[in-house]
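> What follows is target03.txt, compact mmCIF, C-alpha atoms.
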```
# COMPACT_ATOMS: atom_id res chain seq x y z
CA MET A 16 0.00 0.00 0.00
CA ARG A 17 1.22 3.48 -0.86
CA ARG A 18 2.14 5.82 1.97
CA MET A 19 -1.32 7.44 2.10
CA ARG A 20 0.19 10.83 2.92
CA HIS A 21 -3.01 12.81 2.52
CA THR A 22 -4.87 10.47 4.84
CA TYR A 23 -2.33 11.16 7.60
CA VAL A 24 -2.47 14.91 6.90
CA TRP A 25 -6.27 14.91 7.22
CA PHE A 26 -6.27 12.66 10.28
CA ALA A 27 -3.76 14.99 11.95
CA GLN A 28 -6.14 17.87 11.14
CA LEU A 29 -8.89 16.08 13.07
CA VAL A 30 -6.62 15.18 16.00
CA THR A 31 -5.23 18.72 16.30
CA ALA A 32 -8.79 20.11 16.24
CA ALA A 33 -9.67 17.99 19.28
CA LEU A 34 -6.38 18.85 21.03
CA ILE A 35 -6.84 22.59 20.37
CA ALA A 36 -10.28 22.41 21.97
CA ALA A 37 -8.77 20.72 25.04
CA PHE A 38 -5.70 23.00 25.29
CA LEU A 39 -7.71 26.15 24.63
CA GLY A 40 -10.17 25.05 27.31
CA ILE A 41 -7.36 24.68 29.85
CA HIS A 42 -5.88 28.05 28.85
CA MET A 43 -9.20 29.87 29.05
CA VAL A 44 -10.25 28.39 32.37
CA LEU A 45 -6.91 28.95 34.08
CA MET A 46 -6.13 32.39 32.63
CA HIS A 47 -9.44 34.14 32.13
CA LEU A 48 -12.17 32.37 34.08
CA GLU A 49 -10.76 32.44 37.61
CA ASP A 50 -14.16 33.54 38.93
CA ILE A 51 -15.67 30.28 37.74
CA LEU A 52 -12.79 28.34 39.29
CA GLY A 53 -13.37 30.29 42.49
CA PHE A 54 -17.01 29.18 42.44
CA PHE A 55 -15.75 25.59 42.55
CA GLY A 56 -13.32 26.42 45.38
CA VAL A 57 -10.13 26.66 43.30
CA GLU A 58 -8.39 29.95 44.03
CA ILE A 59 -5.92 31.32 41.45
CA HIS A 60 -4.57 34.71 42.41
CA GLU A 61 -4.48 37.09 39.41
CA PRO A 62 -3.27 34.63 36.75
CA THR A 63 -2.73 37.38 34.17
CA SER A 64 -0.50 39.56 36.37
CA TRP A 65 3.19 39.98 35.49
CA GLY A 66 4.35 38.07 38.56
CA SER A 67 2.09 35.09 37.83
CA MET A 68 3.23 35.02 34.21
CA ILE A 69 6.93 35.04 35.14
CA GLU A 70 6.32 32.30 37.71
CA ARG A 71 4.61 30.11 35.11
CA ALA A 72 7.32 30.82 32.53
CA GLY A 73 9.89 29.19 34.79
CA LYS A 74 8.02 25.89 34.88
CA GLY A 75 8.85 23.22 32.27
CA SER A 76 5.29 21.89 32.24
CA TRP A 77 3.90 25.27 31.14
CA LEU A 78 6.68 25.62 28.54
CA ALA A 79 5.75 22.24 27.07
CA PHE A 80 2.04 23.11 27.24
CA TYR A 81 2.39 26.31 25.24
CA ILE A 82 4.84 24.94 22.69
CA LEU A 83 2.50 22.00 22.02
CA PHE A 84 -0.50 24.35 21.90
CA LEU A 85 1.31 26.53 19.38
CA ALA A 86 2.29 23.52 17.25
CA PHE A 87 -1.31 22.28 17.11
CA VAL A 88 -2.69 25.73 16.23
CA VAL A 89 -0.04 26.42 13.57
CA TYR A 90 -0.59 23.03 11.92
CA HIS A 91 -4.38 23.17 12.05
CA GLY A 92 -4.67 26.77 10.90
CA LEU A 93 -2.16 26.64 8.08
CA ASN A 94 -3.29 23.25 6.81
CA GLY A 95 -6.84 24.59 6.72
CA LEU A 96 -5.64 27.66 4.82
CA ARG A 97 -3.78 25.36 2.42
CA GLY A 98 -6.99 23.41 1.74
CA ILE A 99 -8.89 26.62 0.98
CA LEU A 100 -6.17 27.92 -1.35
CA LEU A 101 -5.88 24.60 -3.20
CA GLU A 102 -9.64 24.60 -3.76
CA LEU A 103 -9.67 28.18 -5.02
CA MET A 104 -6.62 27.72 -7.25
CA PRO A 105 -6.79 24.12 -8.50
CA SER A 106 -3.62 23.70 -10.50
CA PRO A 107 -0.71 21.26 -10.05
CA LYS A 108 1.78 24.10 -10.60
CA VAL A 109 0.20 26.39 -8.02
CA GLU A 110 -0.13 23.45 -5.62
CA ARG A 111 3.63 23.14 -5.15
CA VAL A 112 4.02 26.87 -4.56
CA ILE A 113 1.19 26.85 -2.01
CA ASN A 114 2.60 23.82 -0.19
CA TRP A 115 6.09 25.28 0.22
CA THR A 116 4.78 28.74 1.13
CA ILE A 117 2.58 27.23 3.84
CA ILE A 118 5.46 25.12 5.18
CA ALA A 119 7.75 28.19 5.28
CA LEU A 120 5.05 30.25 7.01
CA GLY A 121 4.51 27.48 9.54
CA VAL A 122 8.22 27.15 10.37
CA ILE A 123 8.60 30.94 10.78
CA ALA A 124 5.45 31.23 12.92
CA PHE A 125 6.48 28.30 15.12
CA ALA A 126 10.04 29.61 15.53
CA LEU A 127 8.82 33.09 16.48
CA GLY A 128 6.14 31.68 18.76
CA THR A 129 8.49 29.41 20.68
CA TYR A 130 11.23 32.04 21.05
CA VAL A 131 9.50 34.00 23.84
CA PRO A 132 8.55 31.13 26.19
CA VAL A 133 11.94 29.43 25.68
CA ALA A 134 13.81 32.69 26.37
CA LEU A 135 11.69 33.34 29.50
CA PHE A 136 12.22 29.76 30.68
CA GLN A 137 15.99 30.07 30.33
CA SER A 138 16.17 33.48 32.02
CA MET B 202 -63.37 14.54 -27.23
CA SER B 203 -60.95 14.70 -24.31
CA THR B 204 -62.18 16.47 -21.18
CA GLU B 205 -58.68 16.57 -19.67
CA LYS B 206 -57.88 19.91 -18.09
CA VAL B 207 -55.17 21.78 -20.00
CA LYS B 208 -53.15 24.54 -18.38
CA LYS B 209 -50.81 26.76 -20.37
CA LEU B 210 -47.49 27.39 -18.65
CA LYS B 211 -44.55 29.57 -19.62
CA PHE B 212 -41.25 27.75 -20.11
CA LYS B 213 -38.01 29.73 -20.17
CA VAL B 214 -35.41 27.47 -21.70
CA GLN B 215 -31.73 28.31 -21.85
CA ARG B 216 -30.45 28.29 -25.41
CA PHE B 217 -26.82 28.31 -26.39
CA ASN B 218 -25.22 27.31 -29.65
CA PRO B 219 -21.45 27.77 -29.36
CA GLU B 220 -21.21 28.13 -33.16
CA GLU B 221 -23.59 31.11 -33.22
CA ASP B 222 -24.10 32.57 -29.74
CA ARG B 223 -21.60 34.50 -27.66
CA ALA B 224 -23.48 33.81 -24.43
CA PRO B 225 -26.44 31.71 -23.28
CA HIS B 226 -29.88 33.31 -23.33
CA LEU B 227 -33.40 32.31 -22.27
CA GLN B 228 -36.10 31.60 -24.85
CA GLU B 229 -39.77 31.57 -23.86
CA PHE B 230 -42.31 28.96 -24.91
CA ILE B 231 -45.95 28.48 -23.95
CA VAL B 232 -46.71 24.81 -23.40
CA PRO B 233 -50.14 23.24 -22.78
CA VAL B 234 -49.67 21.07 -19.71
CA ILE B 235 -51.96 18.22 -18.73
CA HIS B 236 -52.12 16.03 -15.63
CA GLY B 237 -49.24 13.52 -15.48
CA MET B 238 -46.96 15.46 -17.84
CA THR B 239 -43.27 15.41 -17.01
CA MET B 240 -40.68 18.07 -17.75
CA LEU B 241 -39.28 15.78 -20.42
CA ASP B 242 -42.72 15.54 -22.05
CA ALA B 243 -42.83 19.35 -22.16
CA LEU B 244 -39.39 19.53 -23.75
CA PHE B 245 -40.47 17.01 -26.39
CA TYR B 246 -43.60 19.10 -27.00
CA ILE B 247 -41.41 22.16 -27.60
CA LYS B 248 -39.09 20.23 -29.91
CA GLU B 249 -41.90 18.64 -31.91
CA ASN B 250 -44.25 21.66 -32.12
CA LEU B 251 -42.43 24.92 -31.38
CA ASP B 252 -38.70 24.74 -32.07
CA SER B 253 -37.06 21.64 -33.48
CA SER B 254 -33.58 23.06 -32.92
CA LEU B 255 -33.83 22.65 -29.13
CA SER B 256 -31.21 20.17 -27.90
CA PHE B 257 -31.42 18.01 -24.79
CA ARG B 258 -30.47 14.48 -23.81
CA SER B 259 -32.92 11.74 -22.97
CA SER B 260 -33.32 8.04 -23.41
CA CYS B 261 -35.23 5.76 -21.04
CA ARG B 262 -37.95 8.18 -19.77
CA MET B 263 -38.03 6.22 -16.49
CA ALA B 264 -35.09 7.54 -14.39
CA ILE B 265 -32.87 4.62 -15.25
CA CYS B 266 -30.41 5.98 -17.82
CA GLY B 267 -29.52 9.28 -16.12
CA SER B 268 -29.47 11.21 -19.40
CA CYS B 269 -31.94 14.02 -18.77
CA GLY B 270 -30.43 15.75 -15.72
CA MET B 271 -31.08 19.51 -15.88
CA LEU B 272 -31.62 22.55 -13.69
CA ILE B 273 -35.33 23.24 -13.29
CA ASN B 274 -36.23 26.38 -11.35
CA ASN B 275 -32.69 26.39 -9.96
CA TYR B 276 -32.80 22.82 -8.65
CA PRO B 277 -31.24 19.81 -10.41
CA TYR B 278 -33.73 17.14 -11.43
CA LEU B 279 -34.09 14.31 -13.90
CA ALA B 280 -36.57 15.81 -16.38
CA CYS B 281 -38.30 12.46 -16.96
CA HIS B 282 -38.75 11.97 -13.21
CA THR B 283 -40.22 15.44 -12.55
CA GLN B 284 -43.96 15.99 -12.70
CA ILE B 285 -44.72 19.55 -13.81
CA GLU B 286 -47.73 19.76 -11.46
CA GLU B 287 -45.57 18.93 -8.45
CA LEU B 288 -43.40 22.00 -9.07
CA LYS B 289 -46.45 24.24 -8.49
CA ALA B 290 -45.03 27.07 -10.62
CA GLU B 291 -46.58 29.21 -13.35
CA THR B 292 -43.21 29.81 -14.99
CA LEU B 293 -40.55 27.15 -15.37
CA GLU B 294 -36.96 28.04 -16.02
CA ILE B 295 -34.84 25.24 -17.47
CA LYS B 296 -31.06 25.39 -17.70
CA PRO B 297 -28.31 22.81 -18.21
CA LEU B 298 -26.69 21.23 -15.16
CA PRO B 299 -24.20 23.60 -13.50
CA ASN B 300 -20.55 22.60 -12.90
CA PHE B 301 -20.38 21.18 -16.44
CA ALA B 302 -19.45 22.89 -19.69
CA VAL B 303 -22.37 23.25 -22.11
CA ILE B 304 -22.21 21.54 -25.50
CA LYS B 305 -25.51 23.01 -26.74
CA ASP B 306 -28.72 24.27 -25.10
CA LEU B 307 -29.49 21.80 -22.28
CA VAL B 308 -26.72 19.30 -23.13
CA PRO B 309 -23.88 19.31 -20.61
CA ASN B 310 -20.46 17.91 -21.37
CA ILE B 311 -20.27 14.98 -18.94
CA LEU B 312 -16.93 13.71 -20.25
CA PRO B 313 -14.99 14.97 -17.16
CA MET B 314 -17.37 12.98 -14.95
CA GLY B 315 -16.80 9.88 -17.06
CA LEU B 316 -13.03 10.26 -16.90
CA LYS B 317 -13.07 10.73 -13.13
CA HIS B 318 -15.39 7.75 -12.79
CA ARG B 319 -13.05 5.64 -14.90
CA SER B 320 -10.03 6.75 -12.87
CA ILE B 321 -11.32 4.99 -9.73
CA LYS B 322 -11.53 1.67 -11.62
CA PRO B 323 -15.27 1.01 -11.20
CA TYR B 324 -15.19 -2.74 -11.57
CA ILE B 325 -14.38 -5.81 -9.50
CA ILE B 326 -10.63 -6.37 -9.24
CA ARG B 327 -9.43 -9.76 -8.00
CA PRO B 328 -6.16 -11.65 -7.91
CA ASP B 329 -7.67 -14.77 -9.50
CA ALA B 330 -7.71 -13.45 -13.07
CA GLN B 331 -8.29 -16.92 -14.51
CA GLU B 332 -11.56 -17.29 -12.56
CA MET B 333 -12.62 -13.79 -13.60
CA GLU B 334 -12.00 -14.48 -17.29
CA ASN B 335 -13.43 -18.00 -17.32
CA PRO B 336 -15.76 -18.32 -14.35
CA THR B 337 -16.39 -21.83 -13.05
CA ALA B 338 -18.61 -20.95 -10.10
CA GLU B 339 -20.29 -18.07 -8.21
CA PHE B 340 -19.23 -15.55 -5.59
CA CYS B 341 -20.70 -16.49 -2.23
CA GLN B 342 -21.55 -13.03 -0.86
CA LYS B 343 -23.78 -12.77 2.21
CA PRO B 344 -26.87 -10.50 2.08
CA GLU B 345 -25.46 -8.26 4.84
CA GLU B 346 -22.24 -7.83 2.85
CA LEU B 347 -24.29 -6.86 -0.19
CA ASN B 348 -26.37 -4.41 1.86
CA SER B 349 -23.24 -2.58 3.02
CA PHE B 350 -22.85 -1.03 -0.44
CA LEU B 351 -26.07 -1.86 -2.29
CA GLN B 352 -27.58 1.65 -2.30
CA PHE B 353 -24.43 3.06 -3.91
CA SER B 354 -24.72 0.62 -6.81
CA TYR B 355 -28.00 2.30 -7.86
CA CYS B 356 -26.09 5.32 -9.23
CA VAL B 357 -27.23 6.15 -12.79
CA LYS B 358 -24.32 8.56 -13.50
CA CYS B 359 -26.65 11.47 -14.20
CA GLY B 360 -24.20 14.03 -12.78
CA ILE B 361 -26.81 15.72 -10.58
CA CYS B 362 -24.73 15.17 -7.43
CA ILE B 363 -21.79 16.93 -9.10
CA SER B 364 -23.98 19.81 -10.25
CA ALA B 365 -25.21 20.28 -6.65
CA CYS B 366 -21.75 19.97 -5.05
CA PRO B 367 -20.25 23.30 -3.89
CA THR B 368 -16.73 21.85 -3.94
CA SER B 369 -17.10 20.75 -7.56
CA ALA B 370 -18.16 24.32 -8.34
CA SER B 371 -14.94 25.82 -6.98
CA ASP B 372 -12.43 23.02 -7.61
CA LYS B 373 -12.47 21.63 -11.15
CA LEU B 374 -9.91 18.97 -10.20
CA PHE B 375 -12.13 17.61 -7.40
CA LEU B 376 -13.11 14.02 -8.14
CA GLY B 377 -16.69 14.75 -7.17
CA PRO B 378 -19.33 12.83 -5.22
CA GLN B 379 -20.14 10.47 -8.07
CA ALA B 380 -16.64 9.02 -8.48
CA LEU B 381 -15.90 9.00 -4.75
CA THR B 382 -19.12 7.19 -3.90
CA GLN B 383 -18.45 4.62 -6.61
CA CYS B 384 -14.95 4.19 -5.22
CA TYR B 385 -16.49 3.27 -1.85
CA ARG B 386 -19.04 1.04 -3.56
CA TYR B 387 -16.27 -1.15 -5.02
CA CYS B 388 -13.89 -0.95 -2.06
CA ALA B 389 -16.70 -2.09 0.28
CA ASP B 390 -17.58 -4.99 -2.00
CA THR B 391 -16.28 -8.21 -0.43
CA ARG B 392 -15.74 -9.68 -3.91
CA ASP B 393 -13.23 -6.94 -4.67
CA ASN B 394 -9.54 -6.67 -3.91
CA GLY B 395 -8.73 -3.39 -5.67
CA THR B 396 -8.21 -0.92 -2.82
CA LYS B 397 -4.49 -0.65 -3.53
CA ASP B 398 -5.36 0.51 -7.06
CA ARG B 399 -8.07 2.96 -5.99
CA PHE B 400 -6.70 4.52 -2.80
CA PRO B 401 -3.86 6.40 -4.55
CA VAL B 402 -6.49 7.97 -6.85
CA VAL B 403 -8.75 9.26 -4.06
CA ASP B 404 -6.06 9.97 -1.44
CA THR B 405 -5.06 13.29 -2.99
CA ASP B 406 -5.58 17.00 -2.36
CA HIS B 407 -8.44 17.00 -4.85
CA GLY B 408 -9.81 13.62 -3.83
CA VAL B 409 -11.85 12.41 -0.89
CA TRP B 410 -10.32 14.86 1.60
CA HIS B 411 -11.69 17.86 -0.22
CA CYS B 412 -15.30 16.93 0.51
CA HIS B 413 -16.70 19.49 2.99
CA LEU B 414 -19.73 17.34 3.78
CA ALA B 415 -22.19 19.97 2.56
CA GLY B 416 -24.56 17.09 1.83
CA ALA B 417 -26.00 18.76 -1.29
CA CYS B 418 -25.26 15.60 -3.31
CA SER B 419 -27.47 13.47 -1.06
CA GLU B 420 -30.20 16.11 -1.07
CA ALA B 421 -30.26 16.29 -4.87
CA CYS B 422 -29.73 12.65 -5.89
CA PRO B 423 -32.83 11.61 -7.87
CA LYS B 424 -32.27 7.94 -7.06
CA GLY B 425 -32.34 8.50 -3.30
CA LEU B 426 -28.70 7.57 -2.77
CA ASP B 427 -26.66 9.13 0.01
CA PRO B 428 -23.32 9.97 -1.67
CA ALA B 429 -22.26 12.09 1.31
CA LEU B 430 -22.50 8.97 3.48
CA GLY B 431 -20.49 6.99 0.93
CA ILE B 432 -17.74 9.60 0.97
CA GLN B 433 -17.59 9.60 4.77
CA LEU B 434 -17.42 5.79 4.79
CA LEU B 435 -14.61 6.00 2.24
CA LYS B 436 -12.76 8.41 4.54
CA ARG B 437 -13.17 5.94 7.40
CA LEU B 438 -11.90 3.13 5.19
CA LEU B 439 -8.79 5.15 4.29
CA VAL B 440 -8.03 6.16 7.89
CA THR B 441 -8.49 2.66 9.30
CA ARG B 442 -6.31 1.27 6.54
CA ALA B 443 -3.61 3.91 7.06
CA LEU B 444 -3.58 3.34 10.83
CA GLY B 445 -3.73 -0.43 10.43
CA ILE B 446 -6.87 -0.76 12.57
CA GLY B 447 -10.31 -2.20 11.91
CA ARG B 448 -11.58 -5.51 10.68
CA LYS B 449 -10.17 -6.93 7.46
CA GLN B 450 -12.66 -9.09 5.65
CA PRO B 451 -11.43 -11.93 3.47
CA LEU B 452 -12.51 -12.09 -0.13
CA VAL B 453 -15.74 -14.02 -0.49
CA PRO B 454 -15.24 -17.62 -1.57
CA ILE B 455 -16.27 -18.95 -4.94
CA VAL B 456 -18.72 -21.84 -4.78
CA LEU B 457 -20.88 -23.77 -7.17
CA PRO B 458 -24.34 -22.33 -7.86
CA PRO B 459 -27.21 -23.92 -5.84
CA THR B 460 -28.63 -25.66 -8.89
CA VAL B 461 -25.40 -27.60 -9.37
CA SER B 462 -25.10 -28.31 -5.65
CA LYS B 463 -28.51 -29.97 -5.70
CA LEU B 464 -27.10 -32.53 -8.13
CA LYS B 465 -25.11 -33.85 -5.12
CA ILE B 466 -21.81 -32.72 -6.52
CA ALA B 467 -19.55 -32.15 -3.56
CA ALA B 468 -19.31 -28.39 -3.39
CA PRO B 469 -16.14 -28.27 -1.25
CA GLU B 470 -14.20 -29.90 -4.07
CA PHE B 471 -15.03 -26.97 -6.27
CA SER B 472 -14.76 -24.21 -3.70
CA VAL B 473 -11.76 -21.93 -3.87
CA PRO B 474 -10.00 -21.26 -0.55
CA PRO B 475 -10.57 -17.74 0.85
CA ILE B 476 -8.08 -15.10 -0.25
CA GLN B 477 -7.07 -12.40 2.22
CA ARG B 478 -7.89 -8.95 0.84
CA GLU B 479 -4.77 -6.89 0.31
CA THR B 480 -4.17 -4.02 2.72
```
Now that the file is in, can you turn its structure into structure tokens?

Amino acid sequence: MRRMRHTYVWFAQLVTAALIAAFLGIHMVLMHLEDILGFFGVEIHEPTSWGSMIERAGKGSWLAFYILFLAFVVYHGLNGLRGILLELMPSPKVERVINWTIIALGVIAFALGTYVPVALFQS
Amino acid sequence: MSTEKVKKLKFKVQRFNPEEDRAPHLQEFIVPVIHGMTMLDALFYIKENLDSSLSFRSSCRMAICGSCGMLINNYPYLACHTQIEELKAETLEIKPLPNFAVIKDLVPNILPMGLKHRSIKPYIIRPDAQEMENPTAEFCQKPEELNSFLQFSYCVKCGICISACPTSASDKLFLGPQALTQCYRYCADTRDNGTKDRFPVVDTDHGVWHCHLAGACSEACPKGLDPALGIQLLKRLLVTRALGIGRKQPLVPIVLPPTVSKLKIAAPEFSVPPIQRET
């Protein structure tokens, strides 16, 4: 059987969609919905303050969380954009240009996105 | 003298002759409509009594051949399968199926659909070529195995699903619901072993993964098929095969027909051992 590359690409799109929902849920609840957490007895003191952010940045678990979150979002978003562009410009020649442009955009976005948390973690 | 009630309706029919016209235009006809008259009957009335140059395809007049697909009041129908009374309209606008080039008037060029259909190899593929060429017995397929794909085998290749598909409208390279559903129909057939030939055709950027599941194909299909379901089942087949999960059914065995078995000929002697379907 051939490698079935497009099947894996599409399956990854589904998996990242589910993971984004889970990761975004964790992010939203912990960062922006502390009142709701407080209702359930979980007290988080000003999660969006500078001090809280610096404290989180020093933890490896949060570093891994945000790098993974970024990877899922970059893949899901850019692969979706690629699908739209391929549908609007159906041509084998354009397809190669779109693919490499999307890959380059993804690498740049991921590199820029990981730079800040990694730099904060190391500092 | 006939007492049948006759109602005169206005028909606006799209005309286009590429040798003479620069763009399509609508031509009006007044047609006397009686109870039980189909859209195809009305088109024949126009051709025989009002304008013999009108071009349209038709053959069986009973929704079997799939020739007379056309856009009637902005919805794709088989003209022979559409009662004029049921449309409940005083004016009827008839155009060729969208998402196809027009050859003349109401005749769409369905060649791209045929080529895409052919590309998915719409026939039983088996390793035992000798048995296929010179059959000695019958495939022993269970009713439940047949039912898993039966509805998809009722496709009449009318192209209505493609004309309704929004993805086919924007992506001319998209295989379309017709070819994708037929791909599933043969891949799901337990007599078939051709997935390795078909998967590379549908596992592309313009293949099965470009279906957005709008469901317009299932809504429009005049034969009551559910092509959207077929495409989703094909996606599941591809994913389970790629991940190496799911149940792999063996090819159905070949056995003697019941009439021969009744003659007390030992069937096992003639049966062919099961062949594992390729993954």
> May I ask for the distance between CA of His318 (chain B) and CA of Ala380 (chain B), given in Å to one decimal place?
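The value is 4.7 Å.
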> With a distance cut-off of 9 Å and only C-alpha atoms, select the neighbouring residues of Ala72 (chain A), excluding the residue or stretch itself and same-chain residues fewer than 4 positions from it, and output the selection as a list in words.
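Skipping anything fewer than 4 positions along the chain leaves Ser67, Met68, Trp77, Leu78, Pro132, Val133, Leu135, Phe136 and Gln137 of chain A.
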> Find the residues near region 402-417 of chain B: any atom within 7 Å, counting only C-alpha atoms, skip ones fewer than 5 places away on the same chain, and give them as an mmCIF file with C-alpha atoms, in the coordinates of the input.

```cif
data_model
loop_
_atom_site.group_PDB
_atom_site.id
_atom_site.type_symbol
_atom_site.label_atom_id
_atom_site.label_comp_id
_atom_site.auth_asym_id
_atom_site.auth_seq_id
_atom_site.Cartn_x
_atom_site.Cartn_y
_atom_site.Cartn_z
ATOM 1 C CA MET A 19 -1.320 7.440 2.100
ATOM 2 C CA HIS A 21 -3.010 12.810 2.520
ATOM 3 C CA THR A 22 -4.870 10.470 4.840
ATOM 4 C CA TRP A 25 -6.270 14.910 7.220
ATOM 5 C CA ILE B 321 -11.320 4.990 -9.730
ATOM 6 C CA ALA B 365 -25.210 20.280 -6.650
ATOM 7 C CA CYS B 366 -21.750 19.970 -5.050
ATOM 8 C CA THR B 368 -16.730 21.850 -3.940
ATOM 9 C CA LEU B 374 -9.910 18.970 -10.200
ATOM 10 C CA PHE B 375 -12.130 17.610 -7.400
ATOM 11 C CA LEU B 376 -13.110 14.020 -8.140
ATOM 12 C CA LEU B 381 -15.900 9.000 -4.750
ATOM 13 C CA ALA B 429 -22.260 12.090 1.310
ATOM 14 C CA ILE B 432 -17.740 9.600 0.970
ATOM 15 C CA LYS B 436 -12.760 8.410 4.540
#
```
> Considering only C-alpha atoms, state which residue in the set B:Tyr278, B:Tyr324, B:Phe301, B:Phe212 is at the smallest distance from Asp398 (chain B).
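The shortest atom-to-atom distance to Asp398 (chain B) comes from B:Tyr324.
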> State, in Å with one decimal place, the distance from CA of Pro62 (chain A) to CA of Met46 (chain A).
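Those two atoms sit 5.5 Å apart.
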> What are the residues of chain A that have an atom within 9 Å of an atom of chain B, counting only C-alpha atoms, as a list in words?
Met16, Arg17, Arg18, Met19, Arg20, His21, Thr22, Tyr23, Trp25, Phe26, Gly98, Leu101, Glu102, Leu103, Met104, Pro105 and Ser106 of chain A
> Identify which of the residues A:Ala37, A:Ala134, A:Val30, A:Val24 lies closest to Phe80 (chain A), counting all atoms listed in the file when measuring atom-to-atom distances.
A:Ala37
> Which residues are close to Thr31 (chain A), i.e. within 10 Å by all atoms listed in the file, leaving aside same-chain residues fewer than 2 positions away? Reply as a list in words.
Trp25, Phe26, Ala27, Gln28, Leu29, Ala33, Leu34, Ile35, Ala36, Ala37, Phe38, Phe84, Ala86, Phe87, Val88, Val89, Tyr90, His91 and Gly92 of chain A
> Counting all atoms listed in the file, which residues have an atom no more than 12 Å from (-39.2, 6.0, -17.2) in the file's coordinates? Please list them as a list in words.
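Checked against the point, the hits come out as Thr239, Leu241, Asp242, Ser259, Ser260, Cys261, Arg262, Met263, Ala264, Ile265, Cys266, Gly267, Ser268, Cys269, Leu279, Ala280, Cys281, His282, Thr283 and Gln284 of chain B.
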> With only C-alpha atoms as the atoms that count, which of B:Glu220, B:Glu249, B:Glu205, B:Asp393 lies nearest to Lys322 (chain B)?
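The answer is B:Asp393, which sits nearest to Lys322 (chain B).
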> As JSON, please report the centre and edge lengths, rounded to one decimal in Å, of the axis-aligned box that holds all listed atoms of region 233-237 of chain B with 3 Å of padding on each of the six sides.

```
{"center_x": -50.7, "center_y": 18.4, "center_z": -19.1, "size_x": 8.9, "size_y": 15.7, "size_z": 13.3}
```
> Need the shell around Asn114 (chain A): protein/DNA/RNA residues with any atom at most 10 Å away, counting only C-alpha atoms. Skip same-chain ones fewer than 2 positions apart. Format as a list in words?
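Selected residues are Leu93, Asn94, Arg97, Gly98, Leu100, Leu101, Val109, Glu110, Arg111, Val112, Thr116, Ile117, Ile118, Ala119 and Leu120 of chain A.
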> Figure out the distance between CA of Glu294 (chain B) and CA of Gln228 (chain B), please, to one decimal in Å.
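Those two atoms sit 9.6 Å apart.
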> Just give me the residues with any atom within 9 Å of (-15.5, -0.3, -5.0), file coordinates, counting all atoms listed in the file, written as a ChimeraX atom specification.
/B:321-326,350,382-390,393-396,399
> Find the residues near Lys305 (chain B): any atom within 12 Å, counting only C-alpha atoms, skip ones fewer than 6 places away on the same chain, and give them as a count of residues only.
20
> From the structure block, carefully write region 59-85 of chain A out with C-alpha atoms; format it as a PDB file, in the first residue's frame.

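And here's part-v5.pdb as it stands now:
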```
ATOM      1  CA  ILE A  59      -5.919  31.321  41.453  1.00  0.00           C
ATOM      2  CA  HIS A  60      -4.572  34.712  42.410  1.00  0.00           C
ATOM      3  CA  GLU A  61      -4.480  37.088  39.414  1.00  0.00           C
ATOM      4  CA  PRO A  62      -3.269  34.630  36.752  1.00  0.00           C
ATOM      5  CA  THR A  63      -2.734  37.385  34.167  1.00  0.00           C
ATOM      6  CA  SER A  64      -0.502  39.560  36.367  1.00  0.00           C
ATOM      7  CA  TRP A  65       3.191  39.976  35.488  1.00  0.00           C
ATOM      8  CA  GLY A  66       4.352  38.066  38.561  1.00  0.00           C
ATOM      9  CA  SER A  67       2.093  35.087  37.828  1.00  0.00           C
ATOM     10  CA  MET A  68       3.232  35.019  34.212  1.00  0.00           C
ATOM     11  CA  ILE A  69       6.931  35.043  35.135  1.00  0.00           C
ATOM     12  CA  GLU A  70       6.324  32.301  37.708  1.00  0.00           C
ATOM     13  CA  ARG A  71       4.613  30.111  35.108  1.00  0.00           C
ATOM     14  CA  ALA A  72       7.319  30.822  32.534  1.00  0.00           C
ATOM     15  CA  GLY A  73       9.892  29.194  34.794  1.00  0.00           C
ATOM     16  CA  LYS A  74       8.018  25.887  34.876  1.00  0.00           C
ATOM     17  CA  GLY A  75       8.854  23.221  32.273  1.00  0.00           C
ATOM     18  CA  SER A  76       5.294  21.889  32.240  1.00  0.00           C
ATOM     19  CA  TRP A  77       3.899  25.270  31.138  1.00  0.00           C
ATOM     20  CA  LEU A  78       6.679  25.624  28.537  1.00  0.00           C
ATOM     21  CA  ALA A  79       5.752  22.239  27.070  1.00  0.00           C
ATOM     22  CA  PHE A  80       2.037  23.113  27.236  1.00  0.00           C
ATOM     23  CA  TYR A  81       2.387  26.313  25.244  1.00  0.00           C
ATOM     24  CA  ILE A  82       4.836  24.938  22.692  1.00  0.00           C
ATOM     25  CA  LEU A  83       2.496  21.998  22.017  1.00  0.00           C
ATOM     26  CA  PHE A  84      -0.503  24.354  21.899  1.00  0.00           C
ATOM     27  CA  LEU A  85       1.310  26.529  19.380  1.00  0.00           C
TER      28      LEU A  85
END
```
